[in-house]
>>> print(open('protein-v7.cif').read())   # mmCIF, C-alpha atoms and all ligand atoms
data_query
#
loop_
_atom_site.label_atom_id
_atom_site.label_comp_id
_atom_site.auth_asym_id
_atom_site.auth_seq_id
_atom_site.Cartn_x
_atom_site.Cartn_y
_atom_site.Cartn_z
CA MET A 1 194.67 133.30 -18.08
CA ALA A 2 197.42 134.61 -15.81
CA ARG A 3 196.95 134.15 -12.09
CA ILE A 4 198.56 136.04 -9.23
CA LEU A 5 199.07 134.41 -5.84
CA VAL A 6 198.30 137.04 -3.20
CA THR A 7 199.34 136.08 0.33
CA GLY A 8 197.52 138.12 2.95
CA GLY A 9 194.93 138.95 0.32
CA THR A 10 192.05 139.43 2.75
CA GLY A 11 194.02 142.04 4.72
CA TYR A 12 193.82 145.78 4.33
CA ILE A 13 196.26 146.48 1.49
CA GLY A 14 195.89 142.93 0.15
CA SER A 15 192.14 143.17 -0.42
CA HIS A 16 192.41 146.49 -2.25
CA THR A 17 195.15 145.02 -4.41
CA VAL A 18 193.09 141.93 -5.24
CA VAL A 19 190.32 144.23 -6.52
CA GLU A 20 192.71 146.16 -8.75
CA LEU A 21 194.32 142.96 -10.07
CA MET A 22 190.97 141.39 -10.94
CA GLN A 23 189.74 144.60 -12.53
CA SER A 24 192.89 144.53 -14.67
CA GLY A 25 192.01 141.04 -15.92
CA PHE A 26 194.13 138.84 -13.64
CA GLU A 27 192.85 135.77 -11.86
CA VAL A 28 193.77 135.68 -8.19
CA LEU A 29 194.46 133.01 -5.60
CA ILE A 30 194.42 134.38 -2.05
CA VAL A 31 196.23 132.56 0.72
CA ASP A 32 195.44 133.96 4.15
CA ASN A 33 195.20 132.40 7.61
CA LEU A 34 192.60 135.02 8.63
CA SER A 35 194.64 135.81 11.75
CA ASN A 36 193.98 139.51 11.28
CA SER A 37 191.23 139.60 8.68
CA ASN A 38 187.75 138.39 8.00
CA ILE A 39 186.37 135.93 5.44
CA GLN A 40 183.58 138.42 4.60
CA VAL A 41 186.18 140.52 2.84
CA LEU A 42 185.70 138.07 -0.05
CA ASP A 43 182.05 139.17 -0.34
CA GLY A 44 183.13 142.81 -0.55
CA ILE A 45 185.65 141.97 -3.28
CA GLU A 46 183.03 139.98 -5.19
CA LYS A 47 180.52 142.82 -4.99
CA ILE A 48 183.03 145.30 -6.39
CA VAL A 49 184.54 143.11 -9.09
CA GLY A 50 181.64 140.85 -10.04
CA ARG A 51 183.60 137.66 -9.50
CA ARG A 52 185.15 135.94 -6.52
CA PRO A 53 188.87 135.25 -6.14
CA ASP A 54 189.99 131.72 -5.27
CA PHE A 55 190.77 131.47 -1.59
CA ALA A 56 192.68 129.05 0.64
CA GLN A 57 192.72 129.50 4.41
CA LEU A 58 196.20 128.56 5.41
CA ASP A 59 199.41 129.85 6.88
CA VAL A 60 202.21 130.64 4.45
CA ALA A 61 204.59 129.32 7.12
CA ASP A 62 203.01 125.85 6.64
CA LEU A 63 205.27 124.52 3.91
CA PRO A 64 203.58 121.12 3.24
CA LYS A 65 200.16 122.77 2.90
CA MET A 66 201.54 125.46 0.61
CA ARG A 67 203.14 122.75 -1.57
CA GLU A 68 199.90 120.81 -1.73
CA LEU A 69 197.92 123.91 -2.68
CA LEU A 70 200.26 125.11 -5.39
CA GLU A 71 200.29 121.71 -7.04
CA LYS A 72 196.69 122.44 -8.00
CA TYR A 73 197.54 125.78 -9.62
CA THR A 74 199.68 125.73 -12.74
CA ASP A 75 198.74 129.20 -13.97
CA ILE A 76 200.48 131.37 -11.34
CA VAL A 77 202.80 133.90 -13.00
CA ALA A 78 203.68 136.05 -9.98
CA VAL A 79 203.33 136.29 -6.23
CA ILE A 80 202.51 139.36 -4.15
CA HIS A 81 203.52 138.69 -0.57
CA PHE A 82 201.56 140.74 1.97
CA ALA A 83 200.97 138.12 4.67
CA ALA A 84 202.73 139.36 7.80
CA SER A 85 202.16 140.56 11.32
CA LYS A 86 202.46 144.33 11.53
CA ALA A 87 201.94 145.72 15.01
CA VAL A 88 205.12 147.42 16.16
CA GLY A 89 204.28 147.21 19.90
CA GLU A 90 203.24 143.56 19.74
CA SER A 91 206.49 142.71 17.97
CA VAL A 92 208.44 144.05 20.94
CA GLU A 93 206.41 141.79 23.27
CA LYS A 94 206.45 138.71 21.01
CA PRO A 95 209.54 138.83 18.79
CA LEU A 96 209.52 135.10 18.04
CA LEU A 97 205.98 135.31 16.70
CA TYR A 98 207.17 138.05 14.34
CA TYR A 99 210.24 136.16 13.19
CA ARG A 100 208.11 133.06 12.60
CA ASN A 101 205.28 134.84 10.82
CA ASN A 102 207.32 137.29 8.81
CA VAL A 103 210.64 135.56 8.19
CA LEU A 104 209.86 131.86 8.07
CA SER A 105 206.90 132.45 5.79
CA LEU A 106 209.04 134.29 3.24
CA VAL A 107 211.67 131.53 3.24
CA ASN A 108 208.94 128.93 2.65
CA LEU A 109 207.35 131.01 -0.03
CA LEU A 110 210.62 131.39 -1.93
CA GLU A 111 211.17 127.63 -1.68
CA VAL A 112 207.78 126.72 -3.10
CA MET A 113 208.12 129.39 -5.78
CA LYS A 114 211.39 127.81 -6.85
CA GLU A 115 209.88 124.32 -6.85
CA ARG A 116 206.96 125.52 -8.98
CA GLY A 117 209.12 127.59 -11.34
CA ILE A 118 207.43 130.87 -10.32
CA THR A 119 210.02 133.59 -10.78
CA ASN A 120 208.26 136.89 -10.04
CA LEU A 121 207.80 138.31 -6.55
CA VAL A 122 206.39 141.63 -5.35
CA PHE A 123 207.18 142.22 -1.71
CA SER A 124 205.44 144.49 0.83
CA SER A 125 208.09 146.46 2.63
CA SER A 126 207.94 149.64 4.61
CA CYS A 127 209.53 153.05 4.98
CA THR A 128 210.39 151.79 8.45
CA VAL A 129 213.67 150.55 6.90
CA TYR A 130 214.87 154.19 6.67
CA GLY A 131 214.25 154.93 10.37
CA GLN A 132 214.52 158.69 10.92
CA PRO A 133 216.23 159.95 7.75
CA SER A 134 218.69 162.80 8.25
CA LYS A 135 217.82 166.31 7.00
CA GLU A 136 219.65 165.83 3.71
CA HIS A 137 217.65 162.64 3.06
CA LEU A 138 214.22 164.24 3.42
CA PRO A 139 212.17 163.63 1.36
CA VAL A 140 213.58 160.12 1.47
CA ASP A 141 214.53 158.35 -1.74
CA GLU A 142 215.62 154.76 -2.30
CA THR A 143 219.32 155.57 -1.93
CA ALA A 144 218.92 156.76 1.69
CA PRO A 145 220.78 154.57 4.17
CA ILE A 146 218.94 151.71 5.84
CA GLN A 147 219.02 152.32 9.60
CA PRO A 148 219.06 149.83 12.46
CA ALA A 149 215.47 148.75 13.08
CA LEU A 150 213.67 150.14 16.11
CA SER A 151 211.48 147.07 16.61
CA PRO A 152 211.42 143.36 15.76
CA TYR A 153 208.68 144.17 13.24
CA GLY A 154 210.93 146.67 11.47
CA ASN A 155 213.78 144.19 11.65
CA THR A 156 211.69 141.51 9.91
CA LYS A 157 211.14 143.87 6.97
CA GLN A 158 214.88 144.50 6.69
CA ILE A 159 215.69 140.80 6.99
CA ASN A 160 213.05 140.00 4.37
CA GLU A 161 214.61 142.47 1.95
CA GLU A 162 218.02 140.86 2.55
CA ILE A 163 216.67 137.33 2.05
CA ILE A 164 215.15 138.35 -1.28
CA ARG A 165 218.36 140.08 -2.36
CA ASP A 166 220.52 137.07 -1.43
CA GLU A 167 218.20 134.58 -3.12
CA ALA A 168 218.02 136.68 -6.30
CA HIS A 169 221.82 136.78 -6.27
CA ALA A 170 222.00 132.99 -5.99
CA ASP A 171 219.13 132.18 -8.34
CA SER A 172 219.27 134.20 -11.52
CA SER A 173 215.73 133.30 -12.48
CA LEU A 174 214.21 135.23 -9.55
CA ASN A 175 212.91 138.77 -10.16
CA ALA A 176 211.66 140.88 -7.27
CA ILE A 177 210.13 144.28 -6.81
CA ILE A 178 210.29 145.56 -3.26
CA LEU A 179 207.71 148.21 -2.49
CA ARG A 180 208.40 150.41 0.52
CA TYR A 181 205.08 151.79 1.68
CA PHE A 182 204.66 155.03 3.56
CA ASN A 183 201.41 155.34 5.59
CA PRO A 184 198.45 153.80 3.77
CA ILE A 185 195.05 155.22 4.72
CA GLY A 186 191.50 155.38 3.36
CA ALA A 187 189.26 152.75 1.84
CA HIS A 188 187.79 151.67 -1.48
CA PRO A 189 185.41 154.37 -2.82
CA SER A 190 182.58 151.79 -2.81
CA ALA A 191 182.99 151.53 1.01
CA LEU A 192 182.70 147.74 0.56
CA ILE A 193 186.24 147.03 1.75
CA GLY A 194 188.57 148.96 4.06
CA GLU A 195 190.76 148.64 7.12
CA LEU A 196 189.42 146.28 9.81
CA PRO A 197 191.64 146.64 12.86
CA ASN A 198 191.36 144.05 15.61
CA GLY A 199 190.57 145.59 19.00
CA VAL A 200 191.96 149.02 19.82
CA PRO A 201 193.59 150.45 16.71
CA ASN A 202 197.30 151.30 16.83
CA ASN A 203 197.27 153.36 13.68
CA LEU A 204 196.12 156.94 13.47
CA LEU A 205 193.31 156.78 10.90
CA PRO A 206 191.21 153.94 12.32
CA PHE A 207 191.49 155.62 15.71
CA VAL A 208 190.32 158.91 14.21
CA THR A 209 187.32 157.34 12.43
CA GLN A 210 186.32 155.26 15.47
CA THR A 211 186.49 158.35 17.67
CA ALA A 212 184.45 160.35 15.16
CA ALA A 213 181.87 157.52 15.20
CA GLY A 214 181.67 157.71 18.99
CA LEU A 215 183.23 154.27 19.52
CA ARG A 216 186.23 155.78 21.32
CA LYS A 217 186.07 158.66 23.77
CA GLU A 218 188.97 160.66 22.44
CA LEU A 219 191.99 160.49 20.22
CA LYS A 220 195.33 160.88 21.93
CA ILE A 221 197.80 162.86 19.86
CA PHE A 222 201.21 161.54 20.77
CA GLY A 223 203.33 164.64 21.31
CA ASN A 224 203.29 168.27 20.15
CA ASP A 225 206.87 169.08 21.06
CA TYR A 226 208.59 167.63 18.00
CA ASN A 227 210.75 169.74 15.74
CA THR A 228 207.95 170.23 13.17
CA PRO A 229 205.86 173.31 12.34
CA ASP A 230 202.97 172.41 14.69
CA GLY A 231 204.99 170.11 16.96
CA SER A 232 203.23 166.86 15.95
CA CYS A 233 204.83 164.09 13.87
CA ILE A 234 204.84 164.18 10.08
CA ARG A 235 204.07 161.24 7.78
CA ASP A 236 203.35 160.66 4.11
CA TYR A 237 199.76 159.36 4.04
CA ILE A 238 198.99 157.47 0.85
CA ASN A 239 195.57 156.41 -0.42
CA VAL A 240 195.24 152.62 -0.22
CA VAL A 241 193.73 152.34 -3.72
CA ASP A 242 196.63 154.32 -5.19
CA LEU A 243 198.94 151.97 -3.32
CA ALA A 244 197.07 148.90 -4.58
CA LYS A 245 197.38 150.11 -8.17
CA ALA A 246 201.16 150.27 -7.82
CA HIS A 247 201.15 146.49 -7.29
CA VAL A 248 199.38 145.90 -10.59
CA VAL A 249 201.93 148.11 -12.32
CA ALA A 250 204.77 146.22 -10.62
CA VAL A 251 203.37 142.83 -11.69
CA ASN A 252 202.90 143.99 -15.28
CA ARG A 253 206.43 145.37 -15.30
CA MET A 254 207.86 142.01 -14.25
CA LEU A 255 205.80 140.18 -16.85
CA LYS A 256 206.53 142.55 -19.71
CA VAL A 257 209.96 144.10 -19.34
CA GLU A 258 213.32 142.96 -18.15
CA LEU A 259 214.04 144.66 -14.82
CA ARG A 260 217.02 147.02 -14.69
CA ASP A 261 218.20 145.15 -11.63
CA ARG A 262 216.72 141.80 -10.72
CA VAL A 263 215.69 143.31 -7.41
CA GLU A 264 214.16 146.76 -7.69
CA TYR A 265 213.14 149.04 -4.82
CA PHE A 266 210.45 151.70 -4.94
CA ASN A 267 209.14 154.16 -2.37
CA LEU A 268 205.38 154.43 -2.54
CA GLY A 269 204.21 157.72 -1.14
CA THR A 270 202.71 161.00 -2.25
CA GLY A 271 205.78 163.16 -1.70
CA ARG A 272 203.86 165.29 0.79
CA GLY A 273 204.24 165.22 4.54
CA LEU A 274 201.30 165.98 6.83
CA SER A 275 201.27 166.32 10.59
CA VAL A 276 198.95 164.45 12.94
CA ILE A 277 197.21 167.74 13.74
CA GLU A 278 196.76 168.53 10.04
CA ILE A 279 195.19 165.11 9.50
CA VAL A 280 192.72 165.61 12.35
CA ASP A 281 191.84 169.15 11.22
CA THR A 282 191.36 168.09 7.59
CA PHE A 283 189.25 165.11 8.65
CA GLU A 284 186.96 167.39 10.66
CA LYS A 285 186.71 169.84 7.78
CA VAL A 286 185.81 167.33 5.04
CA THR A 287 183.42 165.23 7.13
CA GLY A 288 181.91 167.98 9.29
CA VAL A 289 182.34 165.62 12.24
CA LYS A 290 184.33 166.53 15.35
CA VAL A 291 187.09 164.28 16.60
CA PRO A 292 187.51 164.85 20.35
CA HIS A 293 191.23 164.82 20.99
CA THR A 294 193.86 165.63 23.55
CA ILE A 295 197.62 166.04 23.38
CA VAL A 296 199.54 163.49 25.42
CA GLY A 297 203.21 162.55 25.70
CA ARG A 298 205.27 161.08 22.88
CA ARG A 299 204.80 157.44 21.89
CA GLU A 300 207.99 155.43 22.33
CA GLY A 301 209.78 154.63 19.10
CA ASP A 302 207.93 157.19 16.95
CA ILE A 303 209.84 158.77 14.09
CA GLU A 304 209.61 162.57 14.09
CA LYS A 305 209.15 163.15 10.40
CA VAL A 306 209.35 161.13 7.24
CA TRP A 307 207.92 161.55 3.79
CA ALA A 308 208.73 160.04 0.42
CA ASP A 309 210.53 161.15 -2.65
CA PRO A 310 208.39 159.03 -5.00
CA ARG A 311 210.11 160.13 -8.22
CA LYS A 312 211.65 156.75 -8.97
CA ALA A 313 208.22 155.08 -8.84
CA ASN A 314 206.77 157.96 -10.87
CA GLU A 315 209.42 157.71 -13.57
CA VAL A 316 210.33 154.03 -13.75
CA LEU A 317 206.94 152.49 -12.92
CA GLY A 318 204.92 155.29 -14.47
CA TRP A 319 202.82 155.25 -11.30
CA LYS A 320 201.74 158.24 -9.26
CA ALA A 321 199.53 158.71 -6.22
CA THR A 322 196.61 160.81 -7.44
CA ALA A 323 193.99 160.90 -4.68
CA THR A 324 193.77 164.05 -2.57
CA VAL A 325 194.04 163.71 1.17
CA GLU A 326 190.52 165.15 1.43
CA GLU A 327 188.95 162.39 -0.68
CA THR A 328 191.06 159.78 1.09
CA LEU A 329 189.91 160.92 4.54
CA LEU A 330 186.32 160.97 3.32
CA SER A 331 186.67 157.40 2.02
CA ALA A 332 187.95 156.32 5.46
CA TRP A 333 184.90 157.95 7.05
CA ASN A 334 182.47 156.36 4.58
CA TRP A 335 183.97 152.96 5.38
CA GLN A 336 183.63 153.57 9.11
CA ARG A 337 179.97 154.49 8.59
CA HIS A 338 179.46 151.34 6.52
CA LEU A 339 180.93 149.31 9.42
CA SER A 340 178.67 151.00 11.94
CA GLU A 341 175.51 150.38 9.85
N1 LIG B 1 199.27 158.72 16.34
C1 LIG B 1 198.62 159.45 17.32
N2 LIG B 1 197.61 158.86 18.01
C2 LIG B 1 197.21 157.58 17.77
C3 LIG B 1 197.87 156.84 16.74
C4 LIG B 1 198.91 157.44 16.06
O1 LIG B 1 198.96 160.60 17.59
O2 LIG B 1 196.28 157.10 18.44
C5 LIG B 1 200.36 159.35 15.58
C6 LIG B 1 201.67 158.64 15.74
O3 LIG B 1 202.35 159.11 16.89
C7 LIG B 1 202.36 158.99 14.45
C8 LIG B 1 201.22 159.10 13.44
O4 LIG B 1 200.04 159.26 14.22
O5 LIG B 1 202.95 160.24 14.57
C9 LIG B 1 201.07 157.88 12.57
O6 LIG B 1 201.02 156.74 13.42
P1 LIG B 1 200.65 155.29 12.87
O7 LIG B 1 200.70 154.36 14.05
O8 LIG B 1 199.39 155.35 12.09
O9 LIG B 1 201.78 155.00 11.84
P2 LIG B 1 203.37 154.91 12.05
O10 LIG B 1 203.95 155.91 11.10
O11 LIG B 1 203.78 155.00 13.45
O12 LIG B 1 203.61 153.42 11.64
C10 LIG B 1 203.52 153.05 10.32
C11 LIG B 1 203.07 151.59 10.20
C12 LIG B 1 204.10 150.68 10.74
C13 LIG B 1 205.46 151.00 10.19
C14 LIG B 1 205.79 152.45 10.37
C15 LIG B 1 207.07 152.82 9.69
O13 LIG B 1 201.85 151.40 10.88
O14 LIG B 1 203.74 149.37 10.36
O15 LIG B 1 204.77 153.23 9.78
O16 LIG B 1 207.42 154.13 9.95
F1 LIG B 1 206.43 150.31 10.83
#
>>> encode(input="protein-v7.cif", output="C-alpha cells")
Amino acid sequence: MARILVTGGTGYIGSHTVVELMQSGFEVLIVDNLSNSNIQVLDGIEKIVGRRPDFAQLDVADLPKMRELLEKYTDIVAVIHFAASKAVGESVEKPLLYYRNNVLSLVNLLEVMKERGITNLVFSSSCTVYGQPSKEHLPVDETAPIQPALSPYGNTKQINEEIIRDEAHADSSLNAIILRYFNPIGAHPSALIGELPNGVPNNLLPFVTQTAAGLRKELKIFGNDYNTPDGSCIRDYINVVDLAKAHVVAVNRMLKVELRDRVEYFNLGTGRGLSVIEIVDTFEKVTGVKVPHTIVGRREGDIEKVWADPRKANEVLGWKATATVEETLLSAWNWQRHLSE
C-alpha cells in the first residue's frame, strides 16, 4: 500500500487533501504541530472516509523527531508539504518566525526525504509569487515574471520554490510539483471539515460567513476605488475540494509518468476573476442571508487584480476546477452553520 506523508494535514487545504487521497486508495501519515489547527479535524476526516489517517503531532522543523518518525514508515512514496505559517500581516511583525517555520522546515524535510530515499514532493505555493501581474500577463500563466515579494510570508514561498529548484538540480533523483494556489474558499460538501481560522479572520470568506452568522458586526470591504469594474479587488476564488483533488492528480503523475521537467509548476485557479463585492452579493443571493458590510480604505499590500490562466494544469495534469462559485459559497455557509451548532 502506498502512503503519502502530508505535512500540515490537519489544516484547511491539508485536511481536504487527506480526504481525497484516502478516497483514492492512498494511506496517509499526517505530521502537524497543531499550531493553527485542531485535533478534531481527524474525526471529521474519519467520518467522511471511514478510516482514520495516521497522525503525529510534531513540528517539521524538528529534524531529530522527523527522523525518528520516518524510520517507522517504510511505505512513503511521496510527500505533500503544506505545513507553513500563512498570515501576511503577522509575517511582517514576526519575520523570523516565518523564516523558521516556512524555510527551515522545508530544508529539514528535503534532508529527511533524501535520507529515506523519498523522491517525490508536492509543494504548496501561492499566486503571491506573481505580485501584481502587468496587463499583458492577466490572466496570469506560469511564465509570468516572479515579482519581489511584498511580505516575509510571500518571500518564504519564493525562497521555498528556489530551494526546491536548486536541490532538484543537485540531486537528480528528486521530482517536485509546485502548485501555485489562487484563493481557496469553501468547505467539504459534508460540512464535516472546513476552514477554522484562529481569532479574527484575515481572509475574506471566513469573515463573510462569521458576519452572516452574527459573530461579527460587519464586514469591511477594503477599498472601492481600484481600477476594476466595481472598484473592489479581483481574485480567482477556487473551491477547496477542487484544489485538493489537484494534489491527488499531482501525486499520481509523479508516481506514474516521468515529469517533463523534474520541477513542474502549475497555477491552480478557475480562470475567472471575481470582485469582493461580487462575492458578497453572490453569497447573499445563494444563502438568502444578509452580510452587513461597509466600504473602508484600502488594505496595505493588497494586489488590485489577479486571476489564473489554468490551462497548463488543465492540459498537462488533466485537472480542472469544476465547482461553481454558488455551490462553493453555499458549502462555506453550511460549514459555518455546522460550527455554530
Ligand atoms: N477583503 C476584504 N475584507 C476582509 C478581508 C479581505 O475586503 O475582511 C478583501 C481583500 O482586500 C482582498 C480580497 O478580499 O481584496 C481577498 O482577501 P484575502 O485576505 O482573502 O486573500 P488575499 O488575496 O489577500 O490573500 C491570499 C492568501 C495569502 C496570499 C495571497 C496572495 O490569503 O496567503 O492570497 O495573493 F499571500
>>> residues_around(input="protein-v7.cif", residues="range 165-170 of chain A", least_positions_apart="6", cutoff="9 Å", atoms="all atoms listed in the file", output="number ranges by chain")
A: 110, 176, 262-263
>>> residues_near_point(input="protein-v7.cif", point="(198.6, 155.0, 3.9)", cutoff="6 Å", atoms="only C-alpha atoms", output="list in words")
Asn183, Pro184, Ile185, Tyr237, Ile238, Asn239 and Val240 of chain A
>>> residues_near_ligand(input="protein-v7.cif", ligand="ligand LIG 1 (chain B)", cutoff="6 Å", atoms="only C-alpha atoms and all ligand atoms", output="ChimeraX atom specification")
/A:86,127-128,154,183,202-204,207,219-222,233,276,299,302
>>> atom_distance(input="protein-v7.cif", atom1="CA of Thr74 in chain A", atom2="CA of Ile45 in chain A")
23.5 Å
>>> closest_residue(input="protein-v7.cif", among="A:Ala250, A:Glu284, A:Asn120, A:His338", to="Gly318 in chain A", atoms="only C-alpha atoms")
A:Ala250
>>> closest_residue(input="protein-v7.cif", among="A:Glu315, A:Asp59, A:Glu326, A:Glu264", to="Leu174 in chain A", atoms="only C-alpha atoms")
A:Glu264
>>> residues_around(input="protein-v7.cif", residues="Asp225 in chain A", least_positions_apart="5", cutoff="12 Å", atoms="only C-alpha atoms", output="list of chain:residue names")
A:Asp230, A:Gly231, A:Ser232, A:Cys233, A:Ile295, A:Val296, A:Gly297, A:Arg298, A:Arg299, A:Glu304
>>> closest_residue(input="protein-v7.cif", among="A:Lys135, A:Ser172, A:Lys65, A:Tyr153", to="Thr119 in chain A", atoms="only C-alpha atoms")
A:Ser172
>>> atom_distance(input="protein-v7.cif", atom1="CA of Phe26 in chain A", atom2="CA of Val60 in chain A")
21.4 Å
>>> residues_around(input="protein-v7.cif", residues="Ala244 in chain A", least_positions_apart="3", cutoff="7 Å", atoms="all atoms listed in the file", output="list in words")
Ile13, His16, Thr17, Glu20, Val240, Val241 and His247 of chain A
>>> atom_distance(input="protein-v7.cif", atom1="CA of Glu142 in chain A", atom2="CA of Asn267 in chain A")
6.5 Å
>>> decode(input="protein-v7.cif", residues="range 167-210 of chain A", atoms="C-alpha atoms", output="PDB file, in the first residue's frame")
ATOM      1  CA  GLU A 167      18.026  20.775  -4.713  1.00  0.00           C
ATOM      2  CA  ALA A 168      16.417  19.123  -7.751  1.00  0.00           C
ATOM      3  CA  HIS A 169      19.286  20.486  -9.837  1.00  0.00           C
ATOM      4  CA  ALA A 170      21.840  18.980  -7.450  1.00  0.00           C
ATOM      5  CA  ASP A 171      20.034  15.711  -6.777  1.00  0.00           C
ATOM      6  CA  SER A 172      18.723  14.130  -9.938  1.00  0.00           C
ATOM      7  CA  SER A 173      16.514  11.715  -8.041  1.00  0.00           C
ATOM      8  CA  LEU A 174      14.248  14.499  -6.709  1.00  0.00           C
ATOM      9  CA  ASN A 175      10.978  15.230  -8.535  1.00  0.00           C
ATOM     10  CA  ALA A 176       8.806  18.149  -7.478  1.00  0.00           C
ATOM     11  CA  ILE A 177       5.484  19.608  -8.479  1.00  0.00           C
ATOM     12  CA  ILE A 178       4.956  23.153  -7.274  1.00  0.00           C
ATOM     13  CA  LEU A 179       1.317  24.153  -7.071  1.00  0.00           C
ATOM     14  CA  ARG A 180       0.595  27.870  -7.044  1.00  0.00           C
ATOM     15  CA  TYR A 181      -2.797  28.345  -5.434  1.00  0.00           C
ATOM     16  CA  PHE A 182      -5.087  31.259  -6.101  1.00  0.00           C
ATOM     17  CA  ASN A 183      -7.702  31.947  -3.368  1.00  0.00           C
ATOM     18  CA  PRO A 184      -9.095  28.725  -1.891  1.00  0.00           C
ATOM     19  CA  ILE A 185     -12.577  29.016  -0.392  1.00  0.00           C
ATOM     20  CA  GLY A 186     -15.483  26.774   0.630  1.00  0.00           C
ATOM     21  CA  ALA A 187     -15.616  23.535   2.559  1.00  0.00           C
ATOM     22  CA  HIS A 188     -16.215  19.829   2.075  1.00  0.00           C
ATOM     23  CA  PRO A 189     -19.824  19.206   0.922  1.00  0.00           C
ATOM     24  CA  SER A 190     -20.375  17.029   4.031  1.00  0.00           C
ATOM     25  CA  ALA A 191     -19.719  20.148   6.182  1.00  0.00           C
ATOM     26  CA  LEU A 192     -17.565  17.893   8.395  1.00  0.00           C
ATOM     27  CA  ILE A 193     -14.322  19.731   7.630  1.00  0.00           C
ATOM     28  CA  GLY A 194     -13.646  23.315   6.540  1.00  0.00           C
ATOM     29  CA  GLU A 195     -11.614  26.390   7.337  1.00  0.00           C
ATOM     30  CA  LEU A 196     -11.030  27.016  11.060  1.00  0.00           C
ATOM     31  CA  PRO A 197      -9.407  30.423  11.420  1.00  0.00           C
ATOM     32  CA  ASN A 198      -7.860  31.334  14.761  1.00  0.00           C
ATOM     33  CA  GLY A 199      -9.296  34.551  16.207  1.00  0.00           C
ATOM     34  CA  VAL A 200     -10.353  37.312  13.836  1.00  0.00           C
ATOM     35  CA  PRO A 201     -10.146  36.012  10.273  1.00  0.00           C
ATOM     36  CA  ASN A 202      -7.816  37.774   7.841  1.00  0.00           C
ATOM     37  CA  ASN A 203      -9.283  36.179   4.760  1.00  0.00           C
ATOM     38  CA  LEU A 204     -12.445  37.301   3.063  1.00  0.00           C
ATOM     39  CA  LEU A 205     -14.632  34.183   3.182  1.00  0.00           C
ATOM     40  CA  PRO A 206     -14.391  33.284   6.867  1.00  0.00           C
ATOM     41  CA  PHE A 207     -15.087  36.932   7.655  1.00  0.00           C
ATOM     42  CA  VAL A 208     -18.142  36.860   5.399  1.00  0.00           C
ATOM     43  CA  THR A 209     -19.546  33.653   6.930  1.00  0.00           C
ATOM     44  CA  GLN A 210     -18.867  34.802  10.514  1.00  0.00           C
TER      45      GLN A 210
END
